[in-house]
Amino acid sequence: MEISEQREGNIIVLSPVGRVNNDTSRAFQTKLLSCVGSTATKILIDFSGVEYISAAGLRALMMASKQSKATNGRLAIAGRTPMVKEIFTISRFSLVVQVFDTIAEAITAMS
Amino acid sequence: MLIRFWGTRGSLPAPLSYRAVRTKIREALLAARSQSLDGADAIDLFIDRSLPFSVGGTYGGNTCCVEIVTGGDEYVLCDMGTGAREFGNSVLAKHGPAKKNRFNIFMSHLHWDHIMGFPFFTPAYIPGNVIRIHGCHKVMREAFERQQSNPSFPVDFRTLGATIEFVELEPGRTYEIDGLSVRAILQNHGGDSFGYRFSKDGRTVVYSTDSEHKFEALDQSYPFIEFFRNADVVIFEAQYSLADQVSVKEGWGHSCNIIGVELAQLAGVKHLVMYHHEPVDDDKMLEKILAETRRYEEISRTEQKQKLIVTSAYDGLEIIL
């Protein structure tokens with residue numbers, strides 16, 4: 001799984017590609033936590049390239065979301081593929097992490 | 001081996017209300033309007049094949065109690081929730097009060113919903129019956145005596161007619177009980193709980209309720225992978241959603257469907273049975289959760305993994321191994 005990083009104003013946009021599963025979730029989590037950091041950072045994760053996310057991947061999102069809240073930052077995801085949407089529905093994880101339908105919508109809301 | 005579920009709710013009993021029954025009848029009648037139901041067989045077929053389970057049936061409201069029919073002479077049960085009342089009555093209906101029976105009961109833990117059926121377990125009142133209560137807690141006797149003492153209950157535990165013994169087991173050690181090979185494992189739950197792995201004649205069923213699995217632990221070194229390994233059936237507590245388990249209900253000692261599926265897949269389990277249902281969830285919600293869980297199993301299955309059968313337990317469910 002690869003994760004590219006770019007900036008949209010004051011928002012860091014991360015774009016993972018591939019499957020976030022037991023094999024890749026640790027690297028995913030490390031990247032998220034390092035971007036969240038210790039100051040109020042805005043992170044948007046573009047999920048349009050993610051085919052699947054397992055419980056371990058959801059955990060990484062939750063950890064990053066918790067750390068973000070603790071540092072008065074903001075973390076959201078957008079652009080979920082249909083399968084990832086299903087997994088969020090099944091896990092009820094949109095109650096844990098803020099979700100936007102599109103990247104544009106998320107950037108407008110977070111800017 | 002046969003597994004029979006007498007009670008499948010967690011936390012407290014959840015009987016159907018008048019309104020819930022009326023809604024089911026209404027939906028069934030609406031669905032039947034275009035059908036030609038001209039006999040009992042046709043009606044049964046319509047209920048079984050045309051109605052969703054949430055309309056034609058119910059998951060039930062009794063708390064935890066599962067029977068494992070081993071083919072041996074003695075009865076084997078897991079937990080003594082309110083489902084134990086119906087189990088006890090069925091034993092009496094089958095044999096009459098004159099036949100003396102022996103019961104082996106395995107206790108996951110001693111929280112109220114897992115012991116509250118015992119005061120209404122009729123075989124406990126009949127002299128000559130032998131009830132052996134197995135578990136890994138040192139305070140089993142105290143828990144059973146306390147719930148059946150003044151002012152909580154009119155019949156003192158010590159006056160019960162049956163011979164009642166408490167047998168303390170050690171987690172990790174294998175025991176042979178009524179032809180069953182039994183091993184316990186410590187689980188993450190307030191005051192501790194224990195899961196049991198039962199094997200006989202090449203068949204294995206795992207009973208694992210009230211067990212919170214921290215999902216950072218889902219790798220091959222996690223002890224539950226080995227404990228569940230290649231089981232024919234794992235009865236798995238899935239009371240919460242994953243979101244609830246890791247947020248507002250973190251540390252409450254319960255688990256969820258997604259963790260259940262992933263653990264079962266890692267362990268090569270054949271059949272996952274969701275159990276210890278949230279009492280707030282009605283039949284439609286439990287049916288929805290089952291459909292979602294089956295879908296998650298499909299999504300998360302890789303080419304290397306065998307298909308995992310997923311079922312949601314209900315009072316009255318029987319599974320033949």
# chains A, B, ... in the order shown; residues from 1 in each chain; ligands from 1
>>> residues_around(residues="A:Glu86", least_positions_apart="6", cutoff="10 Å", atoms="only C-alpha atoms", output="list in words")
Tyr52, Arg80 and Arg92 of chain A; Glu292, Arg295, Tyr296 and Ile299 of chain B
>>> write_last_selection(atoms="C-alpha atoms", output="PDB file, in the first residue's frame")
ATOM      1  CA  TYR A  52     -10.787  -2.613   1.457  1.00  0.00           C
ATOM      2  CA  ARG A  80     -14.898   6.169  -0.076  1.00  0.00           C
ATOM      3  CA  ARG A  92     -20.957   2.023  12.224  1.00  0.00           C
TER       4      ARG A  92
ATOM      5  CA  GLU B 292     -24.322  -7.216   7.332  1.00  0.00           C
ATOM      6  CA  ARG B 295     -21.629  -9.501   3.779  1.00  0.00           C
ATOM      7  CA  TYR B 296     -18.528  -8.591   5.795  1.00  0.00           C
ATOM      8  CA  ILE B 299     -15.883  -8.878   1.623  1.00  0.00           C
TER       9      ILE B 299
END
>>> residues_around(residues="stretch 249-258 of chain B", least_positions_apart="2", cutoff="8 Å", atoms="only C-alpha atoms", output="mmCIF file with N, CA and C atoms, in the first residue's frame")
data_model
loop_
_atom_site.group_PDB
_atom_site.id
_atom_site.type_symbol
_atom_site.label_atom_id
_atom_site.label_comp_id
_atom_site.auth_asym_id
_atom_site.auth_seq_id
_atom_site.Cartn_x
_atom_site.Cartn_y
_atom_site.Cartn_z
ATOM 1 N N ALA A 55 -10.523 -4.472 10.256
ATOM 2 C CA ALA A 55 -10.651 -3.934 11.615
ATOM 3 C C ALA A 55 -9.353 -3.251 12.041
ATOM 4 N N SER A 91 -19.697 -1.479 10.316
ATOM 5 C CA SER A 91 -18.976 -1.227 11.579
ATOM 6 C C SER A 91 -19.518 -0.013 12.324
ATOM 7 N N ASN B 188 -11.148 -11.342 28.502
ATOM 8 C CA ASN B 188 -11.108 -9.956 28.975
ATOM 9 C C ASN B 188 -12.528 -9.470 29.266
ATOM 10 N N HIS B 189 -12.889 -9.449 30.544
ATOM 11 C CA HIS B 189 -14.231 -9.037 30.958
ATOM 12 C C HIS B 189 -14.138 -8.613 32.418
ATOM 13 N N GLY B 190 -14.956 -7.684 32.831
ATOM 14 C CA GLY B 190 -14.920 -7.225 34.216
ATOM 15 C C GLY B 190 -15.093 -8.384 35.198
ATOM 16 N N ASP B 210 -18.982 -12.887 26.473
ATOM 17 C CA ASP B 210 -18.519 -11.831 27.382
ATOM 18 C C ASP B 210 -16.999 -11.734 27.357
ATOM 19 N N SER B 211 -16.498 -11.418 26.187
ATOM 20 C CA SER B 211 -15.051 -11.387 25.972
ATOM 21 C C SER B 211 -14.727 -10.231 25.031
ATOM 22 N N GLU B 212 -14.046 -9.239 25.558
ATOM 23 C CA GLU B 212 -13.667 -8.090 24.726
ATOM 24 C C GLU B 212 -12.327 -8.371 24.060
ATOM 25 N N HIS B 213 -12.322 -8.270 22.749
ATOM 26 C CA HIS B 213 -11.077 -8.480 22.004
ATOM 27 C C HIS B 213 -10.567 -7.135 21.547
ATOM 28 N N GLU B 237 -19.641 -14.025 21.304
ATOM 29 C CA GLU B 237 -20.409 -12.867 21.765
ATOM 30 C C GLU B 237 -20.149 -11.663 20.865
ATOM 31 N N ALA B 238 -21.219 -11.140 20.278
ATOM 32 C CA ALA B 238 -21.088 -10.009 19.350
ATOM 33 C C ALA B 238 -22.172 -8.978 19.668
ATOM 34 N N GLN B 239 -22.125 -8.470 20.877
ATOM 35 C CA GLN B 239 -23.226 -7.619 21.354
ATOM 36 C C GLN B 239 -23.219 -6.231 20.718
ATOM 37 N N TYR B 240 -22.017 -5.707 20.434
ATOM 38 C CA TYR B 240 -21.926 -4.312 19.992
ATOM 39 C C TYR B 240 -21.537 -4.223 18.513
ATOM 40 N N SER B 241 -21.624 -2.997 17.984
ATOM 41 C CA SER B 241 -20.966 -2.701 16.707
ATOM 42 C C SER B 241 -19.501 -2.418 17.014
ATOM 43 N N LEU B 242 -18.671 -2.489 15.984
ATOM 44 C CA LEU B 242 -17.251 -2.182 16.197
ATOM 45 C C LEU B 242 -17.082 -0.752 16.717
ATOM 46 N N ASP B 244 -19.105 1.073 18.513
ATOM 47 C CA ASP B 244 -19.442 1.137 19.941
ATOM 48 C C ASP B 244 -18.343 0.515 20.789
ATOM 49 N N GLN B 245 -17.852 -0.630 20.335
ATOM 50 C CA GLN B 245 -16.870 -1.359 21.141
ATOM 51 C C GLN B 245 -15.595 -0.553 21.368
ATOM 52 N N VAL B 246 -15.205 0.233 20.367
ATOM 53 C CA VAL B 246 -13.924 0.933 20.494
ATOM 54 C C VAL B 246 -14.093 2.380 20.948
ATOM 55 N N SER B 247 -15.338 2.809 21.167
ATOM 56 C CA SER B 247 -15.520 4.202 21.592
ATOM 57 C C SER B 247 -16.264 4.263 22.914
ATOM 58 N N GLY B 260 -15.400 -10.778 15.366
ATOM 59 C CA GLY B 260 -15.748 -12.205 15.336
ATOM 60 C C GLY B 260 -15.412 -12.838 14.003
ATOM 61 N N VAL B 261 -15.776 -12.166 12.925
ATOM 62 C CA VAL B 261 -15.508 -12.705 11.586
ATOM 63 C C VAL B 261 -14.000 -12.803 11.353
ATOM 64 N N GLU B 262 -13.274 -11.746 11.686
ATOM 65 C CA GLU B 262 -11.827 -11.764 11.403
ATOM 66 C C GLU B 262 -11.096 -12.815 12.244
ATOM 67 N N MET B 274 -23.203 -15.883 16.173
ATOM 68 C CA MET B 274 -23.250 -14.667 17.004
ATOM 69 C C MET B 274 -24.253 -14.866 18.143
ATOM 70 N N THR B 293 -23.204 -8.908 8.633
ATOM 71 C CA THR B 293 -22.058 -9.728 9.030
ATOM 72 C C THR B 293 -21.715 -10.745 7.954
ATOM 73 N N TYR B 296 -19.914 -8.880 5.406
ATOM 74 C CA TYR B 296 -18.528 -8.591 5.795
ATOM 75 C C TYR B 296 -17.656 -9.841 5.624
#
>>> residues_around(residues="A:Ala78", least_positions_apart="5", cutoff="7 Å", atoms="only C-alpha atoms", output="count of residues only")
9
>>> atom_distance(atom1="atom CA of B:Leu160", atom2="atom CA of B:Gly60")
28.8 Å
>>> residues_around(residues="stretch 161-171 of chain B", least_positions_apart="2", cutoff="12 Å", atoms="only C-alpha atoms", output="PyMOL selection string")
chain B and resi 97+100-108+118+121-145+155-159+173-177+182-187+192-197+227
>>> closest_atom_pairs(of="chain A", to="chain B", cutoff="9 Å", atoms="only C-alpha atoms", output="tab-separated table")
residue	atom	partner	partner_atom	distance
A:Asn22	CA	B:Asp219	CA	7.4
A:Tyr52	CA	B:Ser300	CA	8.0
A:Ile53	CA	B:Ser300	CA	8.7
A:Ser54	CA	B:Ser300	CA	7.4
A:Ala55	CA	B:Phe215	CA	6.9
A:Ala56	CA	B:Glu216	CA	6.5
A:Arg59	CA	B:Phe215	CA	7.2
A:Met62	CA	B:Val246	CA	8.2
A:Met83	CA	B:Ile299	CA	7.8
A:Glu86	CA	B:Tyr296	CA	8.4
A:Ile87	CA	B:Tyr296	CA	7.1
A:Thr89	CA	B:Glu292	CA	8.5
A:Ile90	CA	B:Glu292	CA	5.8
A:Ser91	CA	B:Leu242	CA	5.0
A:Arg92	CA	B:Ala243	CA	5.4
A:Phe93	CA	B:Ala243	CA	5.1
A:Ser94	CA	B:Ala243	CA	8.1
A:Leu95	CA	B:Ala243	CA	6.7
A:Val96	CA	B:Ala243	CA	6.2
>>> select_by_dssp(residues="stretch 42-249 of chain B", states="alpha helix (DSSP H)", output="ChimeraX atom specification")
/B:42-50,53-56,83-95,112-115,140-147,223-228,242-246
>>> write_last_selection(atoms="N, CA and C atoms", output="short mmCIF file (atom, residue, chain, number, x, y, z; two decimals), in the first residue's frame")
data_model
loop_
_atom_site.label_atom_id
_atom_site.label_comp_id
_atom_site.auth_asym_id
_atom_site.auth_seq_id
_atom_site.Cartn_x
_atom_site.Cartn_y
_atom_site.Cartn_z
N ALA B 42 -49.27 -25.66 3.82
CA ALA B 42 -49.04 -24.48 2.98
C ALA B 42 -48.70 -23.28 3.86
N ILE B 43 -49.35 -23.18 5.00
CA ILE B 43 -49.09 -22.05 5.91
C ILE B 43 -47.67 -22.16 6.48
N ASP B 44 -47.30 -23.37 6.89
CA ASP B 44 -45.93 -23.56 7.42
C ASP B 44 -44.88 -23.21 6.36
N LEU B 45 -45.15 -23.65 5.14
CA LEU B 45 -44.22 -23.36 4.04
C LEU B 45 -44.10 -21.86 3.79
N PHE B 46 -45.24 -21.20 3.85
CA PHE B 46 -45.26 -19.74 3.65
C PHE B 46 -44.44 -19.06 4.76
N ILE B 47 -44.63 -19.49 5.99
CA ILE B 47 -43.88 -18.87 7.11
C ILE B 47 -42.38 -19.10 6.92
N ASP B 48 -42.04 -20.34 6.57
CA ASP B 48 -40.62 -20.68 6.48
C ASP B 48 -39.92 -20.04 5.27
N ARG B 49 -40.64 -19.96 4.17
CA ARG B 49 -39.96 -19.56 2.92
C ARG B 49 -40.25 -18.13 2.48
N SER B 50 -41.38 -17.60 2.88
CA SER B 50 -41.77 -16.30 2.33
C SER B 50 -41.63 -15.16 3.33
N PHE B 53 -37.26 -13.92 8.86
CA PHE B 53 -37.25 -14.52 10.20
C PHE B 53 -37.77 -13.53 11.24
N SER B 54 -37.50 -12.24 11.03
CA SER B 54 -37.93 -11.24 12.00
C SER B 54 -39.45 -11.09 12.04
N VAL B 55 -40.14 -11.60 11.01
CA VAL B 55 -41.61 -11.56 11.00
C VAL B 55 -42.18 -12.93 11.39
N GLY B 56 -41.65 -13.98 10.79
CA GLY B 56 -42.17 -15.32 11.04
C GLY B 56 -41.62 -15.96 12.30
N GLY B 83 -32.68 -18.89 30.07
CA GLY B 83 -32.97 -20.03 29.20
C GLY B 83 -32.92 -21.35 29.94
N ALA B 84 -32.24 -21.38 31.09
CA ALA B 84 -32.13 -22.62 31.87
C ALA B 84 -33.49 -23.07 32.41
N ARG B 85 -34.41 -22.14 32.60
CA ARG B 85 -35.74 -22.52 33.10
C ARG B 85 -36.43 -23.44 32.09
N GLU B 86 -36.42 -23.04 30.83
CA GLU B 86 -37.08 -23.86 29.81
C GLU B 86 -36.33 -25.17 29.58
N PHE B 87 -35.01 -25.11 29.68
CA PHE B 87 -34.25 -26.35 29.55
C PHE B 87 -34.65 -27.34 30.66
N GLY B 88 -34.68 -26.85 31.89
CA GLY B 88 -35.03 -27.72 33.03
C GLY B 88 -36.41 -28.31 32.86
N ASN B 89 -37.35 -27.50 32.43
CA ASN B 89 -38.71 -27.99 32.24
C ASN B 89 -38.78 -29.04 31.12
N SER B 90 -37.93 -28.87 30.11
CA SER B 90 -37.93 -29.85 29.01
C SER B 90 -37.40 -31.20 29.49
N VAL B 91 -36.43 -31.15 30.40
CA VAL B 91 -35.88 -32.41 30.95
C VAL B 91 -36.98 -33.14 31.73
N LEU B 92 -37.71 -32.37 32.53
CA LEU B 92 -38.80 -32.99 33.31
C LEU B 92 -39.89 -33.52 32.40
N ALA B 93 -40.20 -32.76 31.35
CA ALA B 93 -41.25 -33.21 30.42
C ALA B 93 -40.82 -34.49 29.71
N LYS B 94 -39.54 -34.62 29.46
CA LYS B 94 -39.03 -35.79 28.73
C LYS B 94 -38.98 -37.04 29.61
N HIS B 95 -38.47 -36.86 30.84
CA HIS B 95 -38.22 -38.04 31.67
C HIS B 95 -39.22 -38.20 32.81
N TRP B 112 -24.93 -11.48 36.59
CA TRP B 112 -26.32 -11.82 36.86
C TRP B 112 -27.01 -12.53 35.70
N ASP B 113 -26.80 -12.01 34.47
CA ASP B 113 -27.50 -12.58 33.32
C ASP B 113 -27.09 -14.02 33.03
N HIS B 114 -26.01 -14.47 33.65
CA HIS B 114 -25.52 -15.84 33.40
C HIS B 114 -25.88 -16.81 34.52
N ILE B 115 -26.46 -16.29 35.60
CA ILE B 115 -26.85 -17.18 36.69
C ILE B 115 -28.33 -17.06 37.06
N MET B 140 -17.75 -19.23 42.90
CA MET B 140 -18.98 -19.71 42.27
C MET B 140 -20.07 -19.96 43.31
N ARG B 141 -19.72 -20.68 44.37
CA ARG B 141 -20.72 -21.03 45.38
C ARG B 141 -21.33 -19.76 45.99
N GLU B 142 -20.47 -18.79 46.31
CA GLU B 142 -20.97 -17.56 46.91
C GLU B 142 -21.97 -16.87 46.00
N ALA B 143 -21.65 -16.84 44.69
CA ALA B 143 -22.53 -16.14 43.74
C ALA B 143 -23.89 -16.82 43.66
N PHE B 144 -23.89 -18.15 43.61
CA PHE B 144 -25.16 -18.87 43.51
C PHE B 144 -25.95 -18.77 44.82
N GLU B 145 -25.25 -18.85 45.93
CA GLU B 145 -25.94 -18.77 47.22
C GLU B 145 -26.52 -17.38 47.44
N ARG B 146 -25.75 -16.36 47.04
CA ARG B 146 -26.18 -14.99 47.31
C ARG B 146 -27.45 -14.63 46.56
N GLN B 147 -27.55 -15.07 45.28
CA GLN B 147 -28.76 -14.69 44.53
C GLN B 147 -29.98 -15.45 45.03
N PRO B 223 -3.80 -15.39 21.50
CA PRO B 223 -4.14 -16.73 22.01
C PRO B 223 -5.49 -17.26 21.54
N PHE B 224 -6.43 -16.36 21.24
CA PHE B 224 -7.75 -16.84 20.82
C PHE B 224 -7.73 -17.46 19.43
N ILE B 225 -6.73 -17.10 18.63
CA ILE B 225 -6.62 -17.74 17.31
C ILE B 225 -6.39 -19.25 17.52
N GLU B 226 -5.49 -19.57 18.40
CA GLU B 226 -5.21 -20.98 18.68
C GLU B 226 -6.40 -21.65 19.37
N PHE B 227 -7.04 -20.91 20.27
CA PHE B 227 -8.16 -21.49 21.01
C PHE B 227 -9.34 -21.81 20.07
N PHE B 228 -9.51 -20.98 19.06
CA PHE B 228 -10.62 -21.20 18.10
C PHE B 228 -10.20 -22.13 16.95
N LEU B 242 -18.67 -2.49 15.98
CA LEU B 242 -17.25 -2.18 16.20
C LEU B 242 -17.08 -0.75 16.72
N ALA B 243 -17.85 0.18 16.14
CA ALA B 243 -17.73 1.59 16.57
C ALA B 243 -18.04 1.73 18.06
N ASP B 244 -19.10 1.07 18.51
CA ASP B 244 -19.44 1.14 19.94
C ASP B 244 -18.34 0.52 20.79
N GLN B 245 -17.85 -0.63 20.34
CA GLN B 245 -16.87 -1.36 21.14
C GLN B 245 -15.59 -0.55 21.37
N VAL B 246 -15.20 0.23 20.37
CA VAL B 246 -13.92 0.93 20.49
C VAL B 246 -14.09 2.38 20.95
#
>>> residues_around(residues="A:Thr24", least_positions_apart="6", cutoff="12 Å", atoms="only C-alpha atoms", output="MDAnalysis selection string")
chainID A and resid 1:3 16:18 30:31 50 52:58 60
>>> write_last_selection(atoms="N, CA and C atoms", output="compact mmCIF listing (two decimals), in the first residue's frame")
# COMPACT_ATOMS: atom_id res chain seq x y z
N MET A 1 0.83 -1.19 0.00
CA MET A 1 0.00 0.00 0.00
C MET A 1 0.88 1.25 0.00
N GLU A 2 0.57 2.18 -0.88
CA GLU A 2 1.32 3.43 -0.93
C GLU A 2 0.44 4.57 -0.42
N ILE A 3 1.09 5.55 0.21
CA ILE A 3 0.34 6.70 0.72
C ILE A 3 1.03 7.97 0.23
N PRO A 16 -4.01 7.08 0.47
CA PRO A 16 -3.54 5.69 0.44
C PRO A 16 -4.13 4.96 -0.78
N VAL A 17 -3.39 3.98 -1.26
CA VAL A 17 -3.86 3.20 -2.41
C VAL A 17 -3.66 1.71 -2.10
N GLY A 18 -4.72 0.94 -2.27
CA GLY A 18 -4.61 -0.51 -2.06
C GLY A 18 -5.53 -0.99 -0.94
N THR A 30 1.14 4.37 11.36
CA THR A 30 2.35 5.17 11.60
C THR A 30 2.30 6.47 10.80
N LYS A 31 1.90 6.35 9.55
CA LYS A 31 1.83 7.54 8.70
C LYS A 31 0.78 8.53 9.23
N VAL A 50 -8.69 3.24 -1.93
CA VAL A 50 -8.67 2.13 -0.96
C VAL A 50 -9.77 1.12 -1.31
N TYR A 52 -10.26 -1.86 0.30
CA TYR A 52 -10.79 -2.61 1.46
C TYR A 52 -10.09 -2.12 2.71
N ILE A 53 -10.82 -2.08 3.83
CA ILE A 53 -10.18 -1.74 5.11
C ILE A 53 -10.67 -2.73 6.16
N SER A 54 -9.74 -3.35 6.87
CA SER A 54 -10.07 -4.35 7.89
C SER A 54 -10.23 -3.67 9.24
N ALA A 55 -10.52 -4.47 10.26
CA ALA A 55 -10.65 -3.93 11.61
C ALA A 55 -9.35 -3.25 12.04
N ALA A 56 -8.23 -3.81 11.67
CA ALA A 56 -6.95 -3.20 12.05
C ALA A 56 -6.79 -1.83 11.40
N GLY A 57 -7.25 -1.69 10.17
CA GLY A 57 -7.20 -0.40 9.50
C GLY A 57 -8.14 0.61 10.15
N LEU A 58 -9.32 0.13 10.53
CA LEU A 58 -10.27 1.01 11.22
C LEU A 58 -9.69 1.46 12.55
N ALA A 60 -6.56 1.99 13.15
CA ALA A 60 -5.59 3.05 12.86
C ALA A 60 -6.31 4.39 12.70
